[in-house]
>>> print(open('structure.csv').read())   # CSV, C-alpha atoms and all ligand atoms
chain,number,residue,atom,x,y,z
E,1,MET,CA,-22.4,-17.3,-17.1
E,2,SER,CA,-21.6,-16.1,-20.6
E,3,ALA,CA,-18.1,-16.9,-21.8
E,4,ARG,CA,-18.3,-13.7,-23.9
E,5,ILE,CA,-18.2,-11.2,-21.1
E,6,ARG,CA,-15.3,-8.9,-21.8
E,7,VAL,CA,-12.8,-7.9,-19.1
E,8,LEU,CA,-10.5,-5.0,-19.8
E,9,VAL,CA,-7.0,-5.0,-18.3
E,10,PRO,CA,-5.3,-1.6,-18.7
E,11,GLY,CA,-1.6,-1.6,-18.2
E,12,LYS,CA,0.5,-4.2,-16.4
E,13,ILE,CA,-0.9,-6.7,-13.9
E,14,ASN,CA,0.2,-9.9,-12.3
E,15,PRO,CA,0.0,-12.6,-15.1
E,16,ARG,CA,-1.9,-14.9,-12.8
E,17,VAL,CA,-4.9,-12.5,-12.9
E,18,VAL,CA,-5.0,-12.7,-16.7
E,19,ASP,CA,-4.5,-16.5,-16.7
E,20,ARG,CA,-7.4,-17.0,-14.2
E,21,LEU,CA,-9.7,-14.6,-16.0
E,22,ALA,CA,-9.0,-16.1,-19.4
E,23,GLU,CA,-10.5,-19.4,-18.2
E,24,ARG,CA,-14.0,-17.8,-18.2
E,25,PHE,CA,-13.9,-14.4,-19.9
E,26,GLU,CA,-12.6,-12.7,-22.9
E,27,VAL,CA,-9.7,-10.7,-21.6
E,28,ILE,CA,-8.7,-7.6,-23.6
E,29,ARG,CA,-5.5,-5.8,-22.8
E,30,ILE,CA,-4.6,-2.1,-23.5
E,31,ASP,CA,-1.3,-0.4,-22.7
E,32,SER,CA,-2.7,2.1,-20.2
E,33,ALA,CA,-5.8,3.5,-18.6
E,34,ASP,CA,-6.0,6.1,-21.4
E,35,PRO,CA,-9.7,6.3,-22.6
E,36,ALA,CA,-8.4,7.0,-26.1
E,37,LEU,CA,-7.3,3.4,-26.3
E,38,VAL,CA,-10.9,2.1,-25.9
E,39,THR,CA,-12.1,1.1,-29.3
E,40,ALA,CA,-15.6,0.3,-30.4
E,41,GLU,CA,-14.8,-3.3,-30.1
E,42,ILE,CA,-13.8,-3.0,-26.4
E,43,GLN,CA,-16.3,-0.5,-25.1
E,44,ASP,CA,-18.9,-3.2,-24.1
E,45,ALA,CA,-16.4,-4.5,-21.4
E,46,LYS,CA,-18.3,-5.2,-18.2
E,47,ALA,CA,-15.3,-5.5,-16.0
E,48,VAL,CA,-11.9,-4.0,-15.4
E,49,ALA,CA,-9.0,-5.7,-13.6
E,50,VAL,CA,-6.3,-3.2,-12.8
E,51,SER,CA,-3.1,-2.7,-10.9
E,52,GLY,CA,-2.8,1.0,-11.1
E,53,ARG,CA,-5.1,3.8,-12.2
E,54,VAL,CA,-8.7,3.9,-13.3
E,55,PRO,CA,-9.7,7.5,-13.9
E,56,ALA,CA,-13.3,8.7,-14.4
E,57,ALA,CA,-12.7,9.1,-18.1
E,58,LEU,CA,-11.9,5.4,-18.6
E,59,MET,CA,-15.1,4.5,-16.7
E,60,ASP,CA,-17.1,6.8,-18.9
E,61,ALA,CA,-15.6,5.2,-22.0
E,62,LEU,CA,-17.1,1.9,-20.9
E,63,PRO,CA,-20.9,2.5,-20.7
E,64,GLY,CA,-21.6,-1.1,-19.6
E,65,LEU,CA,-18.9,-1.3,-16.9
E,66,GLU,CA,-20.1,-3.0,-13.7
E,67,ILE,CA,-17.1,-3.9,-11.7
E,68,ILE,CA,-13.5,-2.7,-11.2
E,69,ALA,CA,-11.3,-5.3,-9.5
E,70,ASN,CA,-8.3,-3.6,-8.0
E,71,PHE,CA,-5.0,-5.5,-7.5
E,72,GLY,CA,-4.1,-4.2,-4.0
E,73,VAL,CA,-5.9,-3.3,-0.8
E,74,GLY,CA,-5.2,0.4,-1.4
E,75,TYR,CA,-7.5,1.6,-4.2
E,76,ASP,CA,-6.4,5.3,-4.3
E,77,GLY,CA,-5.6,4.8,-8.0
E,78,VAL,CA,-9.3,4.3,-8.8
E,79,ASP,CA,-11.7,7.2,-8.8
E,80,VAL,CA,-14.0,5.5,-6.4
E,81,GLY,CA,-16.3,8.6,-6.0
E,82,HIS,CA,-17.0,8.5,-9.7
E,83,ALA,CA,-17.5,4.7,-9.6
E,84,ALA,CA,-20.0,5.1,-6.7
E,85,GLU,CA,-21.9,7.8,-8.7
E,86,ARG,CA,-22.1,5.5,-11.7
E,87,GLY,CA,-23.1,2.5,-9.7
E,88,ILE,CA,-19.9,0.6,-10.5
E,89,THR,CA,-18.6,-1.8,-7.9
E,90,VAL,CA,-15.0,-1.5,-6.9
E,91,SER,CA,-13.3,-4.4,-5.2
E,92,ASN,CA,-9.8,-4.6,-3.5
E,93,THR,CA,-7.6,-7.3,-2.0
E,94,PRO,CA,-7.8,-7.0,1.8
E,95,ASP,CA,-6.6,-9.6,4.3
E,96,VAL,CA,-4.6,-11.8,2.0
E,97,LEU,CA,-1.6,-9.5,2.1
E,98,THR,CA,-1.9,-8.3,5.7
E,99,GLU,CA,0.7,-10.5,7.4
E,100,GLU,CA,3.2,-10.1,4.5
E,101,VAL,CA,3.0,-6.4,4.6
E,102,ALA,CA,3.3,-6.4,8.4
E,103,ASP,CA,6.4,-8.6,8.2
E,104,THR,CA,7.9,-6.2,5.7
E,105,ALA,CA,7.1,-3.2,7.8
E,106,VAL,CA,9.0,-4.7,10.8
E,107,GLY,CA,11.9,-5.7,8.5
E,108,LEU,CA,12.1,-2.1,7.1
E,109,LEU,CA,12.0,-0.7,10.7
E,110,LEU,CA,14.9,-2.9,11.7
E,111,ASN,CA,16.8,-2.2,8.5
E,112,THR,CA,16.4,1.5,9.2
E,113,LEU,CA,17.4,1.4,12.8
E,114,ARG,CA,20.2,-1.1,12.6
E,115,GLN,CA,21.5,-0.3,9.1
E,116,LEU,CA,21.5,-4.0,8.2
E,117,PRO,CA,21.5,-3.4,4.3
E,118,GLN,CA,24.5,-1.2,4.7
E,119,ALA,CA,26.2,-3.8,7.0
E,120,GLU,CA,25.7,-6.5,4.3
E,121,GLN,CA,27.2,-4.1,1.7
E,122,TRP,CA,30.2,-3.7,4.0
E,123,LEU,CA,30.7,-7.5,4.0
E,124,ARG,CA,30.1,-7.9,0.3
E,125,GLN,CA,32.5,-5.1,-0.6
E,126,GLY,CA,35.2,-6.9,1.4
E,127,ARG,CA,35.4,-4.1,3.9
E,128,TRP,CA,35.0,-6.4,6.9
E,129,ALA,CA,38.4,-8.1,6.1
E,130,LYS,CA,40.0,-4.8,4.9
E,131,ASP,CA,38.7,-2.2,7.3
E,132,GLY,CA,37.4,-4.2,10.2
E,133,ALA,CA,34.0,-4.3,11.9
E,134,PHE,CA,31.0,-2.4,10.5
E,135,PRO,CA,30.5,0.8,12.6
E,136,LEU,CA,28.0,0.5,15.4
E,137,SER,CA,24.5,1.6,14.5
E,138,PRO,CA,23.6,4.9,16.1
E,139,LEU,CA,20.0,3.9,16.4
E,140,SER,CA,18.3,0.8,18.0
E,141,LEU,CA,14.8,-0.5,18.5
E,142,ARG,CA,15.6,-0.9,22.2
E,143,GLY,CA,13.7,1.5,24.4
E,144,ARG,CA,11.6,2.9,21.6
E,145,THR,CA,7.9,3.9,21.6
E,146,VAL,CA,6.3,3.2,18.3
E,147,GLY,CA,3.3,5.2,17.1
E,148,LEU,CA,1.1,3.7,14.4
E,149,TYR,CA,-0.6,6.1,12.1
E,150,GLY,CA,-3.4,3.7,11.1
E,151,LEU,CA,-4.5,0.7,13.1
E,152,GLY,CA,-6.6,-1.2,10.6
E,153,ARG,CA,-5.9,-4.8,9.3
E,154,ILE,CA,-2.2,-4.1,8.6
E,155,GLY,CA,-1.6,-1.6,11.4
E,156,LEU,CA,-2.9,-4.1,14.0
E,157,ALA,CA,-0.8,-6.9,12.5
E,158,ILE,CA,2.3,-4.6,12.8
E,159,ALA,CA,1.4,-3.7,16.4
E,160,ARG,CA,1.0,-7.4,17.4
E,161,ARG,CA,4.4,-8.1,16.0
E,162,LEU,CA,5.9,-5.1,17.8
E,163,GLU,CA,4.5,-6.3,21.1
E,164,ALA,CA,6.9,-9.3,20.9
E,165,PHE,CA,9.8,-6.8,20.5
E,166,GLY,CA,9.0,-5.3,23.9
E,167,VAL,CA,8.4,-1.7,22.7
E,168,SER,CA,5.6,0.6,23.8
E,169,ILE,CA,2.9,1.1,21.3
E,170,ALA,CA,0.5,4.0,20.6
E,171,TYR,CA,-1.7,5.0,17.6
E,172,HIS,CA,-3.7,7.6,15.8
E,173,THR,CA,-6.8,6.9,13.8
E,174,ARG,CA,-10.0,8.9,13.4
E,175,SER,CA,-11.9,6.6,15.8
E,176,PRO,CA,-10.3,4.6,18.7
E,177,ARG,CA,-10.4,0.8,18.4
E,178,GLU,CA,-12.2,-0.9,21.2
E,179,GLY,CA,-10.5,-3.5,23.5
E,180,LEU,CA,-6.9,-2.5,22.9
E,181,SER,CA,-4.4,-1.4,25.5
E,182,TYR,CA,-2.4,0.8,23.1
E,183,ALA,CA,-2.5,4.5,23.9
E,184,TYR,CA,-4.8,6.4,21.6
E,185,HIS,CA,-4.0,9.9,20.3
E,186,PRO,CA,-6.8,11.9,18.7
E,187,THR,CA,-4.3,13.9,16.6
E,188,LEU,CA,-1.4,12.8,14.4
E,189,VAL,CA,0.8,15.6,15.8
E,190,GLY,CA,-0.1,14.5,19.3
E,191,LEU,CA,0.9,11.0,18.5
E,192,ALA,CA,4.2,12.2,16.9
E,193,ALA,CA,5.0,14.2,20.0
E,194,ALA,CA,4.4,11.1,22.3
E,195,VAL,CA,6.5,8.6,20.4
E,196,ASP,CA,10.0,8.5,18.8
E,197,THR,CA,9.1,6.1,15.9
E,198,LEU,CA,6.2,6.7,13.6
E,199,VAL,CA,4.9,3.9,11.3
E,200,VAL,CA,2.5,5.1,8.5
E,201,ILE,CA,-0.1,2.6,7.4
E,202,VAL,CA,-3.1,4.6,6.5
E,203,PRO,CA,-4.8,4.6,3.0
E,204,GLY,CA,-3.9,7.3,0.5
E,205,THR,CA,-6.9,9.7,0.6
E,206,GLU,CA,-7.5,13.4,0.5
E,207,ALA,CA,-7.6,13.4,4.3
E,208,THR,CA,-4.2,11.7,4.7
E,209,LYS,CA,-2.5,13.7,1.9
E,210,ARG,CA,0.8,15.1,3.1
E,211,ALA,CA,-0.5,14.7,6.7
E,212,VAL,CA,3.0,13.8,7.8
E,213,ASN,CA,4.4,17.3,7.3
E,214,ALA,CA,7.1,19.5,8.8
E,215,GLU,CA,5.1,20.0,12.0
E,216,VAL,CA,4.6,16.3,12.5
E,217,LEU,CA,8.3,15.5,11.8
E,218,SER,CA,9.4,18.3,14.2
E,219,ALA,CA,7.1,16.8,16.9
E,220,LEU,CA,8.7,13.4,16.3
E,221,GLY,CA,12.0,14.9,17.3
E,222,SER,CA,15.7,14.4,16.8
E,223,ASN,CA,15.7,10.7,17.8
E,224,GLY,CA,12.7,10.2,15.6
E,225,VAL,CA,12.4,7.6,12.9
E,226,LEU,CA,9.6,7.5,10.2
E,227,VAL,CA,8.6,4.3,8.5
E,228,ASN,CA,6.1,4.6,5.6
E,229,VAL,CA,4.5,1.4,4.2
E,230,GLY,CA,1.1,3.1,3.4
E,231,ARG,CA,1.2,5.5,0.5
E,232,GLY,CA,3.8,8.0,-0.6
E,233,SER,CA,1.1,10.7,-0.8
E,234,THR,CA,0.7,10.7,3.0
E,235,VAL,CA,4.2,12.1,3.6
E,236,ASP,CA,5.3,15.5,2.4
E,237,GLU,CA,8.5,14.2,0.8
E,238,ALA,CA,10.2,17.6,0.5
E,239,ALA,CA,9.6,18.3,4.2
E,240,LEU,CA,10.9,14.8,5.0
E,241,ILE,CA,14.1,15.3,3.0
E,242,ALA,CA,14.6,18.7,4.7
E,243,ALA,CA,14.0,17.1,8.1
E,244,LEU,CA,16.5,14.3,7.5
E,245,GLN,CA,19.1,16.7,6.1
E,246,ALA,CA,18.8,19.0,9.1
E,247,GLY,CA,18.6,16.3,11.8
E,248,VAL,CA,15.1,17.3,12.7
E,249,ILE,CA,14.5,13.5,12.7
E,250,ALA,CA,17.1,10.7,12.9
E,251,GLY,CA,16.1,8.4,10.0
E,252,ALA,CA,13.4,7.0,7.7
E,253,GLY,CA,12.5,3.8,6.1
E,254,LEU,CA,10.3,4.1,3.0
E,255,ASP,CA,8.6,1.5,0.9
E,256,VAL,CA,6.4,4.0,-0.9
E,257,PHE,CA,7.0,7.4,-2.5
E,258,GLU,CA,5.1,10.4,-3.8
E,259,ASN,CA,6.0,9.9,-7.5
E,260,GLU,CA,6.7,6.2,-8.0
E,261,PRO,CA,8.9,4.8,-9.5
E,262,GLN,CA,10.8,8.1,-9.2
E,263,VAL,CA,12.7,8.5,-6.0
E,264,PRO,CA,14.3,11.9,-5.4
E,265,ASP,CA,18.1,12.0,-5.7
E,266,ALA,CA,18.2,13.9,-2.4
E,267,LEU,CA,16.6,10.9,-0.6
E,268,MET,CA,19.0,8.5,-2.3
E,269,ALA,CA,21.9,10.6,-1.1
E,270,LEU,CA,21.0,10.4,2.5
E,271,PRO,CA,22.9,7.9,4.7
E,272,ASN,CA,20.1,7.7,7.3
E,273,VAL,CA,17.4,6.2,5.2
E,274,SER,CA,16.4,2.7,4.1
E,275,LEU,CA,14.6,2.6,0.8
E,276,LEU,CA,12.5,-0.2,-0.8
E,277,PRO,CA,10.8,-0.2,-4.2
E,278,HIS,CA,7.2,-0.8,-3.0
E,279,VAL,CA,7.7,-4.4,-2.1
E,280,ALA,CA,5.7,-4.9,1.1
E,281,SER,CA,3.4,-7.5,-0.4
E,282,ALA,CA,5.8,-8.6,-3.1
E,283,SER,CA,6.3,-12.4,-2.5
E,284,VAL,CA,5.1,-15.0,-4.9
E,285,VAL,CA,2.7,-16.5,-2.4
E,286,THR,CA,1.1,-13.2,-1.4
E,287,ARG,CA,0.9,-11.8,-5.0
E,288,ASN,CA,-0.7,-15.1,-6.1
E,289,ALA,CA,-3.3,-14.8,-3.3
E,290,MET,CA,-4.0,-11.2,-4.4
E,291,ALA,CA,-4.3,-12.3,-8.1
E,292,ASP,CA,-6.8,-15.0,-7.1
E,293,LEU,CA,-8.9,-12.5,-5.2
E,294,VAL,CA,-8.9,-10.1,-8.1
E,295,ALA,CA,-10.2,-12.9,-10.4
E,296,GLY,CA,-12.4,-14.2,-7.7
E,297,ASN,CA,-14.1,-10.9,-7.3
E,298,ILE,CA,-15.0,-10.7,-11.0
E,299,GLU,CA,-16.1,-14.3,-11.1
E,300,ALA,CA,-18.3,-13.9,-8.1
E,301,TRP,CA,-19.8,-10.7,-9.5
E,302,PHE,CA,-21.1,-12.5,-12.6
E,303,GLU,CA,-21.9,-15.8,-10.9
E,304,THR,CA,-23.6,-14.5,-7.7
E,305,GLY,CA,-24.2,-10.8,-8.3
E,306,ARG,CA,-21.9,-9.9,-5.4
E,307,ALA,CA,-18.2,-9.1,-5.3
E,308,LEU,CA,-16.2,-11.0,-2.6
E,309,THR,CA,-14.5,-7.9,-1.2
E,310,PRO,CA,-16.2,-4.7,-2.4
E,311,VAL,CA,-14.9,-1.5,-0.9
E,312,PRO,CA,-17.2,0.3,1.5
E,313,GLU,CA,-18.0,3.1,-0.9
E,314,THR,CA,-19.6,0.7,-3.5
E,315,PRO,CA,-21.7,-1.8,-1.6
E,316,PHE,CA,-23.7,-2.7,-4.7
E,317,THR,CA,-25.2,-5.9,-6.0
E,318,ARG,CA,-25.6,-6.7,-9.7
E,319,ARG,CA,-28.8,-5.4,-11.2
E,320,SER,CA,-29.0,-7.7,-14.3
E,321,ALA,CA,-28.2,-11.4,-14.5
E,401,LIG,P1,-7.7,-0.7,6.7
E,401,LIG,O1,-7.9,-2.0,7.4
E,401,LIG,O2,-8.8,0.0,6.0
E,401,LIG,O3,-7.0,0.3,7.8
E,401,LIG,C1,-6.9,1.7,7.5
E,401,LIG,C2,-6.6,2.4,8.9
E,401,LIG,O4,-6.3,3.7,8.6
E,401,LIG,C3,-7.7,2.3,9.9
E,401,LIG,O5,-7.1,2.2,11.2
E,401,LIG,C4,-8.3,3.7,9.8
E,401,LIG,O6,-8.9,4.1,11.0
E,401,LIG,C5,-7.1,4.6,9.4
E,401,LIG,N1,-7.4,5.8,8.7
E,401,LIG,C6,-8.0,5.9,7.5
E,401,LIG,N2,-8.2,7.2,7.2
E,401,LIG,C7,-7.6,7.9,8.3
E,401,LIG,C8,-7.4,9.3,8.5
E,401,LIG,N3,-7.9,10.2,7.7
E,401,LIG,N4,-6.8,9.7,9.7
E,401,LIG,C9,-6.4,8.7,10.5
E,401,LIG,N5,-6.5,7.4,10.3
E,401,LIG,C10,-7.1,7.0,9.2
E,401,LIG,O7,-6.5,-0.8,5.6
E,401,LIG,P2,-5.3,-1.9,5.6
E,401,LIG,O8,-5.7,-3.1,5.0
E,401,LIG,O9,-4.6,-1.9,7.0
E,401,LIG,O10,-4.3,-1.1,4.6
E,401,LIG,C11,-3.9,0.2,4.8
E,401,LIG,C12,-3.2,0.8,3.6
E,401,LIG,O11,-1.9,0.3,3.5
E,401,LIG,C13,-3.8,0.6,2.3
E,401,LIG,O12,-4.9,1.4,2.0
E,401,LIG,C14,-2.6,0.8,1.3
E,401,LIG,O13,-2.6,2.2,0.9
E,401,LIG,C15,-1.4,0.5,2.2
E,401,LIG,N6,-0.7,-0.7,1.7
E,401,LIG,C16,0.6,-0.6,1.3
E,401,LIG,C17,1.2,-1.7,0.8
E,401,LIG,C18,2.6,-1.6,0.3
E,401,LIG,O14,2.9,-2.4,-0.6
E,401,LIG,N7,3.4,-0.7,0.8
E,401,LIG,C19,0.6,-2.9,0.9
E,401,LIG,C20,-0.7,-3.0,1.4
E,401,LIG,C21,-1.3,-1.9,1.8
E,401,LIG,P3,-10.2,5.1,11.1
E,401,LIG,O15,-11.1,4.7,10.0
E,401,LIG,O16,-10.7,5.0,12.5
E,401,LIG,O17,-9.6,6.4,10.8
E,402,LIG,C1,0.7,-3.7,-4.1
E,402,LIG,C2,-0.3,-2.2,-2.3
E,402,LIG,O1,2.1,-3.6,-4.3
E,402,LIG,O2,-2.1,-3.6,-1.7
E,402,LIG,C3,-1.6,-2.4,-1.8
E,402,LIG,O3,-2.3,-1.4,-1.5
E,402,LIG,O4,0.3,-1.2,-2.3
E,402,LIG,C4,0.6,-3.4,-2.7
E,402,LIG,O5,0.2,-4.6,-2.1
E,402,LIG,C5,0.1,-2.9,-5.2
E,402,LIG,O6,-1.2,-2.5,-4.9
E,402,LIG,C6,0.2,-3.6,-6.5
E,402,LIG,O7,0.4,-2.7,-7.5
>>> encode(input="structure.csv", output="structure tokens", more="lines below")
Ligand code: NAP
Ligand code: 8YV
Amino acid sequence: MSARIRVLVPGKINPRVVDRLAERFEVIRIDSADPALVTAEIQDAKAVAVSGRVPAALMDALPGLEIIANFGVGYDGVDVGHAAERGITVSNTPDVLTEEVADTAVGLLLNTLRQLPQAEQWLRQGRWAKDGAFPLSPLSLRGRTVGLYGLGRIGLAIARRLEAFGVSIAYHTRSPREGLSYAYHPTLVGLAAAVDTLVVIVPGTEATKRAVNAEVLSALGSNGVLVNVGRGSTVDEAALIAALQAGVIAGAGLDVFENEPQVPDALMALPNVSLLPHVASASVVTRNAMADLVAGNIEAWFETGRALTPVPETPFTRRSA
């Protein structure tokens, strides 16, 4: 393997990715995915490692580009259709974050229902001693039916955890999964009508864009709770805010937002929401595993001609050695 292969890293990324890649490649960093930043010296880069966006224009500024290794299982920031057309492989980081994200999803659900962050603030602000017990939480996980919008690697890991909590579980995906006892609903609105707790864990695609809309929230109902650990693009944020303000649903727990890192003031002002800054996979151990898989994909591509975890749209092998 040539030590001179150039790997471009646009924008910020976990430092372990850069450290790992620098052992074998020439790593070049630019501030963002702006193709105007690609100078003549950089344009022979054969690989991109990214935590964020890779638009078609950046791919086209790199004529020798072979692989884009995405830091994250969700690769909605990468124009994968264009990569597939150009014969560029895209890899992601499945599996290594599944259990961490499922843990966070359950934590966020409990925080939302039982108001645990607010209860801790009550204690820290001295209000326990001054004002007495924290008010009883209006909501509880007891007796709930949880619907999973998405039952892939992470959705299933969430469902397995929820089984231990003794709640009923149902789901909506495009195709039912074999061998599971959870109730399948062929439509999202049908799932929402059948449950009182909706957990979103689908990828951010055109098909899922703003799929959780006013109709779905209305179907979820006044005892309904929405948890989103998938992508902000899947929820119509304006419709969600309106539904929370009007009591159409009872509460929401959100790790992801439409326009990150911007979170609407109207959401922040609501007492019945629990908000996290996209931290579902954000532990040192899991981010290290993701970083190793990003570097491992690029290493494997140039060593063996195959990425370790290519996305389904780009099942390519390397043409030249
Ligand atoms: P996965 O294994 O590919 O599962 C995706 C699931 O979504 C499948 O059950 C799939 O079923 C379903 N799905 C896809 N498109 C759908 C559609 N149009 N309608 C209904 N269901 C649809 O992915 P994963 O590893 O579980 O990850 C899921 C997503 O979670 C990622 O893509 C990412 O966006 C998000 N995520 C977020 C964080 C975070 O930090 N908050 C961390 C990790 C992942 P069918 O194909 O049968 O429809
Ligand atoms: C990461 C994620 O926070 O894997 C994903 O799809 O959303 C998260 O694990 C993100 O990709 C890193 O920027």
>>> residues_near_ligand(input="structure.csv", ligand="ligand LIG 402 (chain E)", cutoff="9 Å", atoms="all atoms listed in the file", output="number ranges by chain")
E: 13-14, 50-52, 70-76, 92-94, 97-98, 101, 203, 229-231, 256, 278-282, 286-287, 290
>>> atom_distance(input="structure.csv", atom1="atom CA of E:Ile5", atom2="atom CA of E:Asp44")
8.6 Å
>>> closest_residue(input="structure.csv", among="E:Thr234, E:Thr173, E:Gln262, E:Asn297", to="ligand LIG 401 (chain E)", atoms="only C-alpha atoms and all ligand atoms")
E:Thr173
>>> atom_distance(input="structure.csv", atom1="atom CA of E:Leu240", atom2="atom CA of E:Val202")
17.4 Å
>>> atom_distance(input="structure.csv", atom1="atom O16 of ligand LIG 401 (chain E)", atom2="atom CA of E:Gly166")
25.0 Å
>>> residues_near_point(input="structure.csv", point="(-4.6, 0.8, 6.4)", cutoff="7 Å", atoms="all atoms listed in the file", output="number ranges by chain")
E: 150-155, 201-203, 230
>>> closest_residue(input="structure.csv", among="E:Lys209, E:Arg306, E:Arg53, E:Arg20", to="E:Pro35", atoms="only C-alpha atoms")
E:Arg53
>>> closest_residue(input="structure.csv", among="E:Ile42, E:Ala157, E:Ala307, E:Leu62", to="ligand LIG 401 (chain E)", atoms="only C-alpha atoms and all ligand atoms")
E:Ala157
>>> residues_around(input="structure.csv", residues="E:His82", least_positions_apart="4", cutoff="9 Å", atoms="only C-alpha atoms", output="number ranges by chain")
E: 55-56, 59, 78, 86-88
>>> closest_residue(input="structure.csv", among="E:Ile158, E:Ala133, E:Ala192, E:Val7", to="ligand LIG 401 (chain E)", atoms="only C-alpha atoms and all ligand atoms")
E:Ile158
>>> closest_residue(input="structure.csv", among="E:Ala119, E:Ala243, E:Ala102, E:Ala214", to="ligand LIG 401 (chain E)", atoms="all atoms listed in the file")
E:Ala102
>>> closest_residue(input="structure.csv", among="E:Ile30, E:Ala207, E:Ala246, E:Ala47", to="E:Val294", atoms="all atoms listed in the file")
E:Ala47
>>> residues_around(input="structure.csv", residues="E:Tyr182", least_positions_apart="6", cutoff="7 Å", atoms="all atoms listed in the file", output="number ranges by chain")
E: 169-171
>>> residues_around(input="structure.csv", residues="E:Leu188", least_positions_apart="3", cutoff="12 Å", atoms="all atoms listed in the file", output="ChimeraX atom specification")
/E:147-150,170-174,184-185,191-195,198-200,202,207-208,210-213,215-217,219-220,234
>>> residues_around(input="structure.csv", residues="E:Leu123", least_positions_apart="6", cutoff="12 Å", atoms="all atoms listed in the file", output="ChimeraX atom specification")
/E:116-117,129-135
>>> write_last_selection(input="structure.csv", atoms="C-alpha atoms", output="PDB file, in the frame of the given file")
ATOM      1  CA  LEU E 116      21.500  -4.000   8.200  1.00  0.00           C
ATOM      2  CA  PRO E 117      21.500  -3.400   4.300  1.00  0.00           C
ATOM      3  CA  ALA E 129      38.400  -8.100   6.100  1.00  0.00           C
ATOM      4  CA  LYS E 130      40.000  -4.800   4.900  1.00  0.00           C
ATOM      5  CA  ASP E 131      38.700  -2.200   7.300  1.00  0.00           C
ATOM      6  CA  GLY E 132      37.400  -4.200  10.200  1.00  0.00           C
ATOM      7  CA  ALA E 133      34.000  -4.300  11.900  1.00  0.00           C
ATOM      8  CA  PHE E 134      31.000  -2.400  10.500  1.00  0.00           C
ATOM      9  CA  PRO E 135      30.500   0.800  12.600  1.00  0.00           C
TER      10      PRO E 135
END
>>> residues_around(input="structure.csv", residues="E:Phe257", least_positions_apart="6", cutoff="8 Å", atoms="only C-alpha atoms", output="mmCIF file with C-alpha atoms, in the frame of the given file")
data_model
loop_
_atom_site.group_PDB
_atom_site.id
_atom_site.type_symbol
_atom_site.label_atom_id
_atom_site.label_comp_id
_atom_site.auth_asym_id
_atom_site.auth_seq_id
_atom_site.Cartn_x
_atom_site.Cartn_y
_atom_site.Cartn_z
ATOM 1 C CA ARG E 231 1.200 5.500 0.500
ATOM 2 C CA GLY E 232 3.800 8.000 -0.600
ATOM 3 C CA SER E 233 1.100 10.700 -0.800
ATOM 4 C CA GLU E 237 8.500 14.200 0.800
ATOM 5 C CA VAL E 263 12.700 8.500 -6.000
#
